[in-house]
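work_2.csv (CSV, C-alpha atoms) appears below.
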```
chain,number,residue,atom,x,y,z
A,1,MET,CA,-47.1,-15.7,7.1
A,2,GLU,CA,-47.7,-13.8,10.3
A,3,ILE,CA,-46.0,-15.2,13.4
A,4,SER,CA,-47.3,-14.4,16.8
A,5,LEU,CA,-44.5,-13.6,19.3
A,6,LYS,CA,-45.1,-14.0,23.0
A,7,SER,CA,-44.0,-11.9,25.8
A,8,ARG,CA,-42.3,-13.4,28.8
A,9,GLU,CA,-45.5,-13.0,30.7
A,10,GLU,CA,-47.5,-14.8,28.0
A,11,ILE,CA,-44.9,-17.6,27.9
A,12,GLY,CA,-45.4,-17.9,31.7
A,13,TYR,CA,-49.1,-18.5,31.1
A,14,MET,CA,-48.3,-21.2,28.5
A,15,ARG,CA,-45.8,-22.7,31.0
A,16,GLU,CA,-48.6,-23.1,33.5
A,17,ALA,CA,-50.6,-25.0,30.8
A,18,GLY,CA,-47.5,-27.0,30.1
A,19,ARG,CA,-47.0,-27.8,33.8
A,20,ILE,CA,-50.6,-29.2,34.0
A,21,LEU,CA,-50.1,-31.2,30.8
A,22,SER,CA,-46.7,-32.7,31.8
A,23,ALA,CA,-48.2,-33.7,35.2
A,24,CYS,CA,-51.1,-35.3,33.4
A,25,HIS,CA,-48.7,-37.3,31.2
A,26,ARG,CA,-46.9,-38.6,34.4
A,27,GLU,CA,-50.3,-39.9,35.6
A,28,ILE,CA,-51.0,-41.5,32.2
A,29,ALA,CA,-47.6,-43.2,32.3
A,30,ALA,CA,-48.6,-44.9,35.6
A,31,MET,CA,-51.9,-46.1,34.1
A,32,ILE,CA,-50.6,-47.7,30.9
A,33,ALA,CA,-50.8,-51.5,31.2
A,34,PRO,CA,-52.3,-54.5,29.3
A,35,GLY,CA,-56.1,-54.4,29.6
A,36,VAL,CA,-56.5,-50.7,30.0
A,37,ILE,CA,-58.9,-49.2,27.5
A,38,PRO,CA,-58.1,-45.9,25.7
A,39,LEU,CA,-61.5,-44.5,26.6
A,40,ALA,CA,-60.7,-44.8,30.3
A,41,ILE,CA,-57.5,-42.8,29.7
A,42,ASP,CA,-59.6,-40.2,27.9
A,43,ALA,CA,-62.1,-39.9,30.7
A,44,PHE,CA,-59.3,-39.7,33.2
A,45,VAL,CA,-57.6,-36.8,31.3
A,46,GLU,CA,-60.8,-34.8,31.0
A,47,ALA,CA,-61.5,-35.2,34.8
A,48,TYR,CA,-57.9,-34.5,35.7
A,49,LEU,CA,-57.8,-31.2,33.6
A,50,ALA,CA,-61.1,-30.1,35.1
A,51,ARG,CA,-59.6,-30.4,38.6
A,52,GLN,CA,-56.7,-28.2,37.5
A,53,GLY,CA,-59.1,-25.5,36.1
A,54,ALA,CA,-58.1,-26.5,32.6
A,55,THR,CA,-59.8,-28.0,29.5
A,56,PRO,CA,-58.8,-30.3,26.7
A,57,GLU,CA,-58.5,-27.9,23.7
A,58,GLN,CA,-58.9,-30.5,21.0
A,59,LYS,CA,-62.3,-31.6,22.2
A,60,GLY,CA,-64.7,-30.0,19.8
A,61,TYR,CA,-61.8,-28.7,17.6
A,62,ARG,CA,-63.1,-29.0,14.0
A,63,GLY,CA,-65.6,-31.6,15.4
A,64,PHE,CA,-63.0,-33.8,17.2
A,65,PRO,CA,-65.1,-35.6,19.9
A,66,PHE,CA,-62.5,-36.6,22.5
A,67,ALA,CA,-60.2,-35.0,25.1
A,68,THR,CA,-57.2,-37.0,23.8
A,69,CYS,CA,-55.9,-38.5,20.6
A,70,ALA,CA,-55.1,-42.2,21.3
A,71,SER,CA,-53.2,-43.8,18.5
A,72,VAL,CA,-52.3,-47.5,18.8
A,73,ASN,CA,-49.6,-49.4,16.8
A,74,ASP,CA,-50.1,-48.6,13.0
A,75,THR,CA,-52.5,-45.8,13.8
A,76,ILE,CA,-49.9,-43.1,13.8
A,77,CYS,CA,-51.8,-39.9,14.7
A,78,HIS,CA,-55.2,-38.5,15.6
A,79,GLY,CA,-56.6,-41.9,16.7
A,80,PHE,CA,-60.0,-42.0,18.4
A,81,PRO,CA,-60.0,-43.4,21.9
A,82,ASN,CA,-62.0,-46.7,21.9
A,83,ASP,CA,-62.9,-49.6,24.1
A,84,VAL,CA,-60.4,-52.1,22.7
A,85,PRO,CA,-58.1,-53.0,25.6
A,86,LEU,CA,-54.4,-52.3,25.2
A,87,ALA,CA,-52.4,-55.5,24.7
A,88,GLU,CA,-49.0,-56.6,25.7
A,89,GLY,CA,-46.5,-55.3,23.2
A,90,ASP,CA,-48.7,-52.5,21.9
A,91,VAL,CA,-47.4,-48.9,21.6
A,92,VAL,CA,-49.9,-46.1,22.2
A,93,THR,CA,-49.5,-42.4,21.6
A,94,ILE,CA,-51.6,-40.1,23.8
A,95,ASP,CA,-51.7,-36.5,22.4
A,96,ILE,CA,-53.2,-33.7,24.5
A,97,VAL,CA,-53.6,-30.0,24.1
A,98,VAL,CA,-54.3,-28.2,27.4
A,99,ASN,CA,-56.1,-24.8,27.6
A,100,LYS,CA,-55.5,-22.9,30.8
A,101,ASP,CA,-57.0,-19.5,31.0
A,102,GLY,CA,-56.9,-19.2,27.2
A,103,TRP,CA,-53.3,-20.2,26.7
A,104,LEU,CA,-52.3,-23.6,25.2
A,105,ALA,CA,-49.7,-26.3,25.6
A,106,ASP,CA,-49.4,-29.4,23.3
A,107,SER,CA,-47.6,-32.7,24.0
A,108,GLY,CA,-48.0,-36.1,22.5
A,109,TRP,CA,-46.1,-39.0,24.0
A,110,SER,CA,-45.7,-42.7,23.1
A,111,TYR,CA,-46.0,-45.4,25.7
A,112,GLY,CA,-45.0,-49.0,25.5
A,113,VAL,CA,-47.6,-51.5,26.9
A,114,GLY,CA,-45.9,-54.2,28.9
A,115,ARG,CA,-42.9,-55.8,27.2
A,116,LEU,CA,-42.1,-54.4,23.8
A,117,SER,CA,-40.3,-56.1,20.9
A,118,ARG,CA,-36.7,-55.1,20.6
A,119,PRO,CA,-37.3,-53.1,17.3
A,120,LEU,CA,-40.1,-51.1,19.0
A,121,GLN,CA,-38.0,-50.4,22.0
A,122,LYS,CA,-35.3,-49.0,19.8
A,123,LEU,CA,-37.8,-47.0,17.7
A,124,MET,CA,-39.1,-45.4,20.8
A,125,MET,CA,-35.6,-44.6,22.1
A,126,LYS,CA,-34.4,-43.2,18.8
A,127,THR,CA,-37.5,-41.1,18.2
A,128,GLU,CA,-37.3,-39.5,21.7
A,129,GLN,CA,-33.6,-38.8,21.1
A,130,ALA,CA,-34.6,-37.1,17.8
A,131,LEU,CA,-37.0,-34.9,19.7
A,132,TYR,CA,-34.3,-33.5,21.9
A,133,ALA,CA,-31.9,-33.2,19.0
A,134,GLY,CA,-34.5,-31.0,17.3
A,135,ILE,CA,-35.2,-29.0,20.4
A,136,ASP,CA,-31.5,-28.3,20.8
A,137,GLN,CA,-31.7,-26.4,17.5
A,138,ALA,CA,-34.6,-24.2,18.6
A,139,ARG,CA,-32.4,-21.2,19.3
A,140,VAL,CA,-32.5,-17.6,18.4
A,141,GLY,CA,-31.0,-17.2,14.9
A,142,ALA,CA,-31.4,-20.8,13.9
A,143,THR,CA,-34.1,-21.9,11.4
A,144,THR,CA,-36.9,-24.4,11.2
A,145,GLY,CA,-34.7,-26.2,8.7
A,146,ASP,CA,-32.0,-26.7,11.4
A,147,ILE,CA,-34.6,-28.4,13.6
A,148,GLY,CA,-35.9,-30.6,10.8
A,149,HIS,CA,-32.4,-31.5,9.6
A,150,ALA,CA,-31.5,-32.7,13.1
A,151,ILE,CA,-34.6,-34.9,13.3
A,152,GLU,CA,-34.2,-36.2,9.8
A,153,ARG,CA,-30.6,-37.1,10.4
A,154,ALA,CA,-31.7,-39.2,13.4
A,155,ALA,CA,-34.3,-41.0,11.3
A,156,ARG,CA,-31.8,-41.8,8.6
A,157,LYS,CA,-29.3,-43.3,11.1
A,158,GLY,CA,-32.0,-45.7,12.3
A,159,ARG,CA,-33.4,-46.3,8.8
A,160,TYR,CA,-36.8,-45.2,10.1
A,161,GLY,CA,-39.6,-43.6,8.1
A,162,ILE,CA,-40.5,-39.9,8.7
A,163,VAL,CA,-44.2,-39.1,8.5
A,164,ARG,CA,-43.7,-36.0,6.4
A,165,PRO,CA,-47.3,-34.7,6.1
A,166,LEU,CA,-47.4,-34.2,9.9
A,167,VAL,CA,-45.3,-31.3,11.2
A,168,GLY,CA,-44.7,-29.2,14.3
A,169,HIS,CA,-46.3,-25.8,14.4
A,170,GLY,CA,-46.6,-22.5,16.2
A,171,ILE,CA,-49.0,-22.4,19.2
A,172,GLY,CA,-50.4,-19.8,21.5
A,173,ARG,CA,-54.1,-19.0,21.9
A,174,VAL,CA,-55.0,-21.4,19.1
A,175,ILE,CA,-53.6,-24.9,18.4
A,176,HIS,CA,-52.0,-24.2,15.0
A,177,GLU,CA,-50.2,-21.0,14.3
A,178,SER,CA,-47.4,-20.2,12.0
A,179,PRO,CA,-44.7,-21.4,11.3
A,180,ASP,CA,-44.8,-25.0,10.4
A,181,VAL,CA,-41.9,-27.0,11.8
A,182,PRO,CA,-41.2,-30.0,9.5
A,183,ASN,CA,-39.4,-33.1,10.7
A,184,TYR,CA,-37.0,-32.8,7.8
A,185,GLY,CA,-35.1,-30.0,6.2
A,186,ARG,CA,-31.8,-28.4,5.3
A,187,PRO,CA,-29.6,-26.4,7.7
A,188,GLY,CA,-30.2,-22.6,7.3
A,189,GLU,CA,-33.4,-23.0,5.4
A,190,GLY,CA,-36.9,-22.3,6.5
A,191,VAL,CA,-38.2,-19.7,9.0
A,192,ARG,CA,-35.6,-17.9,11.1
A,193,LEU,CA,-36.3,-18.3,14.8
A,194,VAL,CA,-36.5,-15.2,17.0
A,195,GLU,CA,-37.1,-14.7,20.7
A,196,GLY,CA,-40.8,-15.0,21.7
A,197,MET,CA,-41.7,-17.7,19.2
A,198,VAL,CA,-43.5,-20.7,20.7
A,199,ILE,CA,-43.5,-23.9,18.7
A,200,THR,CA,-44.0,-27.6,18.9
A,201,VAL,CA,-41.3,-30.1,18.0
A,202,GLU,CA,-42.8,-33.5,17.3
A,203,PRO,CA,-40.9,-36.2,15.3
A,204,ILE,CA,-43.1,-39.1,14.2
A,205,PHE,CA,-41.1,-42.1,13.0
A,206,THR,CA,-42.3,-45.5,11.7
A,207,LEU,CA,-40.6,-48.9,11.7
A,208,GLY,CA,-41.1,-49.0,7.9
A,209,PRO,CA,-38.6,-47.0,5.9
A,210,THR,CA,-41.0,-44.8,3.9
A,211,GLY,CA,-43.2,-43.1,6.5
A,212,ALA,CA,-46.1,-43.1,4.0
A,213,VAL,CA,-49.5,-42.8,5.6
A,214,LEU,CA,-53.2,-43.1,4.7
A,215,TRP,CA,-56.1,-41.1,6.1
A,216,ASN,CA,-59.0,-43.2,7.4
A,217,ASP,CA,-62.7,-42.6,6.6
A,218,ASP,CA,-63.4,-41.0,10.0
A,219,GLY,CA,-61.6,-37.9,8.6
A,220,TRP,CA,-59.1,-37.9,11.5
A,221,SER,CA,-57.1,-41.0,12.2
A,222,ILE,CA,-54.0,-41.7,10.1
A,223,GLN,CA,-52.5,-45.1,9.5
A,224,THR,CA,-49.1,-46.2,8.2
A,225,ALA,CA,-49.4,-47.4,4.6
A,226,ASP,CA,-47.2,-50.4,5.2
A,227,GLY,CA,-48.9,-51.5,8.5
A,228,THR,CA,-45.8,-51.0,10.6
A,229,SER,CA,-46.0,-49.3,14.0
A,230,GLY,CA,-45.0,-45.7,14.6
A,231,VAL,CA,-44.3,-43.4,17.5
A,232,GLN,CA,-44.4,-39.7,18.3
A,233,PHE,CA,-42.8,-37.6,21.0
A,234,GLU,CA,-43.8,-33.9,21.2
A,235,HIS,CA,-42.9,-30.9,23.4
A,236,THR,CA,-44.0,-27.3,23.3
A,237,ILE,CA,-40.9,-25.0,23.2
A,238,ALA,CA,-40.4,-21.3,23.8
A,239,VAL,CA,-37.5,-19.7,21.9
A,240,THR,CA,-35.6,-17.5,24.3
A,241,GLU,CA,-32.3,-15.7,24.4
A,242,GLU,CA,-31.2,-18.2,27.0
A,243,GLY,CA,-32.0,-21.1,24.7
A,244,PRO,CA,-34.9,-23.4,24.1
A,245,LEU,CA,-37.4,-23.6,27.1
A,246,ILE,CA,-39.4,-26.8,27.2
A,247,LEU,CA,-42.8,-25.8,28.5
A,248,THR,CA,-44.1,-29.4,28.7
A,249,ARG,CA,-41.1,-31.1,30.2
A,250,GLN,CA,-42.2,-34.0,32.3
A,251,GLU,CA,-40.0,-33.5,35.3
A,252,PRO,CA,-41.7,-31.3,38.0
A,253,PHE,CA,-41.0,-27.6,37.5
```
Now that the file is in, can you turn its structure into structure tokens?
Amino acid sequence: MEISLKSREEIGYMREAGRILSACHREIAAMIAPGVIPLAIDAFVEAYLARQGATPEQKGYRGFPFATCASVNDTICHGFPNDVPLAEGDVVTIDIVVNKDGWLADSGWSYGVGRLSRPLQKLMMKTEQALYAGIDQARVGATTGDIGHAIERAARKGRYGIVRPLVGHGIGRVIHESPDVPNYGRPGEGVRLVEGMVITVEPIFTLGPTGAVLWNDDGWSIQTADGTSGVQFEHTIAVTEEGPLILTRQEPF
């Protein structure tokens, strides 16, 4: 397993891609409402990135036809944007990979549509908390197991399912690099983190306790096996001597 380490200059390029991506997510957050169709969000994202001199990296990736993944309710990941209006009480995850001058940033974020049920509100809150618990472990000398353990512990406390087949990953000039970053693990196990690694941390939790999923016939979208809703929160992180650097943080840089 060969891991690509990034220089500070290269991390700076990825941070610019992350800045564009985080700003795009802030725009999406303002758009989300009952009646909005995911295809309209997808069109907005592609146009927004073009204005920033960037492109959606997943469009055309292994034949994926859209600028975004839009996953609603029990579609947990890699959903195709469609023309079905979002409804009150839905949860939708918009996942985007931005290419700016050949360097990538990746962030998926779940949004509540209108007023959510109390269980969904709590699921979203706990999954986002798990994201930052995992990020806090992304330090020089720690391991991918440390990250996964922090995320898994949060899921167990809430009695949520973890979607184990879907993991974080290295990223740079291509979407998926080594190492994998599972959302479960044991402290001290896995790949040792060193300065210059850039990874995604992306917990995906379900209301149902198993986290089991099924792949749909389109070859991309993934559903929860029990029909319960799931959410995802994802940031791109650089491992530095100063600590984890969130390249896709949603506050303005």
For this session: Considering all atoms listed in the file, return as a PyMOL selection string whatever protein or nucleic-acid residues lie within 9 Å of Val191 of chain A, sequence-local ones (same chain, fewer than 3 positions apart) excluded.
Result: chain A and resi 142-145+179-181+188
For this session: Compile the contact shell of Pro182 of chain A as a PyMOL selection string: residues with an atom at most 12 Å away, counting only C-alpha atoms, same-chain residues fewer than 4 positions apart removed.
Result: chain A and resi 134+143-152+162-170+178+186+189-191+199-204
Output the selection as a PDB file, keeping the file's coordinate frame - C-alpha atoms for each residue.
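Output saved as selection_16.pdb:
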```pdb
ATOM      1  CA  GLY A 134     -34.500 -31.000  17.300  1.00  0.00           C
ATOM      2  CA  THR A 143     -34.100 -21.900  11.400  1.00  0.00           C
ATOM      3  CA  THR A 144     -36.900 -24.400  11.200  1.00  0.00           C
ATOM      4  CA  GLY A 145     -34.700 -26.200   8.700  1.00  0.00           C
ATOM      5  CA  ASP A 146     -32.000 -26.700  11.400  1.00  0.00           C
ATOM      6  CA  ILE A 147     -34.600 -28.400  13.600  1.00  0.00           C
ATOM      7  CA  GLY A 148     -35.900 -30.600  10.800  1.00  0.00           C
ATOM      8  CA  HIS A 149     -32.400 -31.500   9.600  1.00  0.00           C
ATOM      9  CA  ALA A 150     -31.500 -32.700  13.100  1.00  0.00           C
ATOM     10  CA  ILE A 151     -34.600 -34.900  13.300  1.00  0.00           C
ATOM     11  CA  GLU A 152     -34.200 -36.200   9.800  1.00  0.00           C
ATOM     12  CA  ILE A 162     -40.500 -39.900   8.700  1.00  0.00           C
ATOM     13  CA  VAL A 163     -44.200 -39.100   8.500  1.00  0.00           C
ATOM     14  CA  ARG A 164     -43.700 -36.000   6.400  1.00  0.00           C
ATOM     15  CA  PRO A 165     -47.300 -34.700   6.100  1.00  0.00           C
ATOM     16  CA  LEU A 166     -47.400 -34.200   9.900  1.00  0.00           C
ATOM     17  CA  VAL A 167     -45.300 -31.300  11.200  1.00  0.00           C
ATOM     18  CA  GLY A 168     -44.700 -29.200  14.300  1.00  0.00           C
ATOM     19  CA  HIS A 169     -46.300 -25.800  14.400  1.00  0.00           C
ATOM     20  CA  GLY A 170     -46.600 -22.500  16.200  1.00  0.00           C
ATOM     21  CA  SER A 178     -47.400 -20.200  12.000  1.00  0.00           C
ATOM     22  CA  ARG A 186     -31.800 -28.400   5.300  1.00  0.00           C
ATOM     23  CA  GLU A 189     -33.400 -23.000   5.400  1.00  0.00           C
ATOM     24  CA  GLY A 190     -36.900 -22.300   6.500  1.00  0.00           C
ATOM     25  CA  VAL A 191     -38.200 -19.700   9.000  1.00  0.00           C
ATOM     26  CA  ILE A 199     -43.500 -23.900  18.700  1.00  0.00           C
ATOM     27  CA  THR A 200     -44.000 -27.600  18.900  1.00  0.00           C
ATOM     28  CA  VAL A 201     -41.300 -30.100  18.000  1.00  0.00           C
ATOM     29  CA  GLU A 202     -42.800 -33.500  17.300  1.00  0.00           C
ATOM     30  CA  PRO A 203     -40.900 -36.200  15.300  1.00  0.00           C
ATOM     31  CA  ILE A 204     -43.100 -39.100  14.200  1.00  0.00           C
TER      32      ILE A 204
END
```
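Closest approach to Asn99 of chain A from the set A:Arg26, A:Arg139, A:Arg249, A:Arg19 is made by A:Arg19, with distances taken over all atoms listed in the file.
Proximity of A:Glu27, A:Asp136, A:Asp83, A:Glu177 to Gly243 of chain A, computed with all atoms listed in the file, is greatest for A:Asp136.
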Exercise. Of the candidates A:Val140, A:Ile28, A:Ala212, A:Val84, which shows the shortest atom-to-atom distance to Ala43 of chain A, using all atoms listed in the file?
Worked result: A:Ile28
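Nearest to Arg15 of chain A of all the residues A:Gly79, A:Pro119, A:Pro187, A:Gly172 is A:Gly172, based on only C-alpha atoms.
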Exercise. For Met31 of chain A, which residue among A:Ile11, A:Val97, A:Val113, A:Ala70 is the nearest when counting only C-alpha atoms?
Worked result: A:Val113
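Of the residues under consideration (A:Ser22, A:His235, A:Gly89, A:Arg159), A:Gly89 shows the shortest atom-to-atom contact distance to Gly114 of chain A when counting only C-alpha atoms.
Residues within 9 Å of His78 of chain A, counting all atoms listed in the file and excluding same-chain residues fewer than 3 positions away, are Thr68, Cys69, Ala70, Ser71, Thr75, Asp95, Trp220, Ser221 and Ile222 of chain A.
Our summary of the geometry notes that atom CA of Thr228 of chain A is positioned 18.0 Å from atom CA of Trp109 of chain A.
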For this session: Around the point (-41.7, -39.2, 23.4), in the coordinates given by the file, pick out the residues reaching within 12 Å, counting only C-alpha atoms, and return them as a ChimeraX atom specification.
Result: /A:22,25,29,91-95,107-112,121,123-132,201-205,230-235,248-250
For this session: Would you mind reading off the distance between atom CA of Gly63 of chain A and atom CA of Leu86 of chain A, one decimal, in Å?
Result: 25.5 Å
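Atom CA of Glu57 of chain A is positioned 24.9 Å from atom CA of Leu214 of chain A.
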Place all heavy atoms on segment 92-103 of chain A and deliver the coordinates as an mmCIF file, in the frame of the given file.
```cif
data_model
loop_
_atom_site.group_PDB
_atom_site.id
_atom_site.type_symbol
_atom_site.label_atom_id
_atom_site.label_comp_id
_atom_site.auth_asym_id
_atom_site.auth_seq_id
_atom_site.Cartn_x
_atom_site.Cartn_y
_atom_site.Cartn_z
ATOM 1 N N VAL A 92 -48.787 -47.050 22.286
ATOM 2 C CA VAL A 92 -49.900 -46.100 22.200
ATOM 3 C C VAL A 92 -49.390 -44.700 22.382
ATOM 4 O O VAL A 92 -48.606 -44.434 23.290
ATOM 5 C CB VAL A 92 -51.027 -46.445 23.191
ATOM 6 C CG1 VAL A 92 -50.519 -46.453 24.624
ATOM 7 C CG2 VAL A 92 -52.201 -45.477 23.038
ATOM 8 N N THR A 93 -49.828 -43.805 21.505
ATOM 9 C CA THR A 93 -49.500 -42.400 21.600
ATOM 10 C C THR A 93 -50.701 -41.633 22.126
ATOM 11 O O THR A 93 -51.768 -41.696 21.515
ATOM 12 C CB THR A 93 -49.019 -41.816 20.281
ATOM 13 O OG1 THR A 93 -47.884 -42.538 19.822
ATOM 14 C CG2 THR A 93 -48.656 -40.344 20.427
ATOM 15 N N ILE A 94 -50.535 -40.927 23.240
ATOM 16 C CA ILE A 94 -51.600 -40.100 23.800
ATOM 17 C C ILE A 94 -51.191 -38.633 23.565
ATOM 18 O O ILE A 94 -50.169 -38.167 24.078
ATOM 19 C CB ILE A 94 -51.799 -40.345 25.301
ATOM 20 C CG1 ILE A 94 -52.062 -41.833 25.577
ATOM 21 C CG2 ILE A 94 -52.940 -39.470 25.827
ATOM 22 C CD1 ILE A 94 -53.338 -42.375 24.973
ATOM 23 N N ASP A 95 -52.000 -37.936 22.790
ATOM 24 C CA ASP A 95 -51.700 -36.500 22.400
ATOM 25 C C ASP A 95 -52.779 -35.654 23.077
ATOM 26 O O ASP A 95 -53.981 -35.909 22.943
ATOM 27 C CB ASP A 95 -51.754 -36.403 20.897
ATOM 28 C CG ASP A 95 -51.129 -35.098 20.419
ATOM 29 O OD1 ASP A 95 -50.706 -34.286 21.255
ATOM 30 O OD2 ASP A 95 -51.075 -34.903 19.190
ATOM 31 N N ILE A 96 -52.319 -34.611 23.770
ATOM 32 C CA ILE A 96 -53.200 -33.700 24.500
ATOM 33 C C ILE A 96 -52.829 -32.291 24.284
ATOM 34 O O ILE A 96 -51.645 -31.950 24.266
ATOM 35 C CB ILE A 96 -53.110 -34.024 26.055
ATOM 36 C CG1 ILE A 96 -53.240 -35.513 26.366
ATOM 37 C CG2 ILE A 96 -54.166 -33.224 26.823
ATOM 38 C CD1 ILE A 96 -52.824 -35.872 27.784
ATOM 39 N N VAL A 97 -53.841 -31.441 24.134
ATOM 40 C CA VAL A 97 -53.600 -30.000 24.100
ATOM 41 C C VAL A 97 -54.417 -29.416 25.294
ATOM 42 O O VAL A 97 -55.635 -29.591 25.390
ATOM 43 C CB VAL A 97 -54.099 -29.355 22.804
ATOM 44 C CG1 VAL A 97 -53.785 -27.856 22.813
ATOM 45 C CG2 VAL A 97 -53.450 -30.026 21.605
ATOM 46 N N VAL A 98 -53.720 -28.742 26.196
ATOM 47 C CA VAL A 98 -54.300 -28.200 27.400
ATOM 48 C C VAL A 98 -54.577 -26.692 27.211
ATOM 49 O O VAL A 98 -53.696 -25.959 26.756
ATOM 50 C CB VAL A 98 -53.436 -28.414 28.632
ATOM 51 C CG1 VAL A 98 -53.903 -27.571 29.815
ATOM 52 C CG2 VAL A 98 -53.436 -29.877 29.014
ATOM 53 N N ASN A 99 -55.781 -26.251 27.577
ATOM 54 C CA ASN A 99 -56.100 -24.800 27.600
ATOM 55 C C ASN A 99 -56.252 -24.420 29.072
ATOM 56 O O ASN A 99 -57.094 -24.926 29.808
ATOM 57 C CB ASN A 99 -57.458 -24.592 26.887
ATOM 58 C CG ASN A 99 -57.845 -23.121 26.833
ATOM 59 O OD1 ASN A 99 -57.620 -22.352 27.750
ATOM 60 N ND2 ASN A 99 -58.473 -22.726 25.730
ATOM 61 N N LYS A 100 -55.388 -23.517 29.484
ATOM 62 C CA LYS A 100 -55.500 -22.900 30.800
ATOM 63 C C LYS A 100 -55.570 -21.434 30.699
ATOM 64 O O LYS A 100 -54.625 -20.767 30.240
ATOM 65 C CB LYS A 100 -54.203 -23.332 31.627
ATOM 66 C CG LYS A 100 -54.095 -22.668 33.000
ATOM 67 C CD LYS A 100 -55.218 -23.095 33.938
ATOM 68 C CE LYS A 100 -54.957 -22.515 35.339
ATOM 69 N NZ LYS A 100 -56.102 -22.809 36.247
ATOM 70 N N ASP A 101 -56.738 -20.924 31.019
ATOM 71 C CA ASP A 101 -57.000 -19.500 31.000
ATOM 72 C C ASP A 101 -56.716 -18.887 29.592
ATOM 73 O O ASP A 101 -56.207 -17.766 29.459
ATOM 74 C CB ASP A 101 -56.156 -18.760 32.036
ATOM 75 C CG ASP A 101 -56.491 -19.216 33.455
ATOM 76 O OD1 ASP A 101 -57.663 -19.567 33.706
ATOM 77 O OD2 ASP A 101 -55.565 -19.241 34.288
ATOM 78 N N GLY A 102 -57.037 -19.671 28.558
ATOM 79 C CA GLY A 102 -56.900 -19.200 27.200
ATOM 80 C C GLY A 102 -55.583 -19.384 26.533
ATOM 81 O O GLY A 102 -55.418 -19.054 25.349
ATOM 82 N N TRP A 103 -54.609 -19.960 27.252
ATOM 83 C CA TRP A 103 -53.300 -20.200 26.700
ATOM 84 C C TRP A 103 -53.061 -21.728 26.619
ATOM 85 O O TRP A 103 -53.498 -22.475 27.511
ATOM 86 C CB TRP A 103 -52.201 -19.565 27.532
ATOM 87 C CG TRP A 103 -52.260 -18.081 27.429
ATOM 88 C CD1 TRP A 103 -52.883 -17.208 28.292
ATOM 89 C CD2 TRP A 103 -51.716 -17.278 26.383
ATOM 90 N NE1 TRP A 103 -52.756 -15.925 27.844
ATOM 91 C CE2 TRP A 103 -52.043 -15.930 26.675
ATOM 92 C CE3 TRP A 103 -50.988 -17.559 25.232
ATOM 93 C CZ2 TRP A 103 -51.660 -14.870 25.853
ATOM 94 C CZ3 TRP A 103 -50.599 -16.506 24.410
ATOM 95 C CH2 TRP A 103 -50.934 -15.186 24.725
#
```
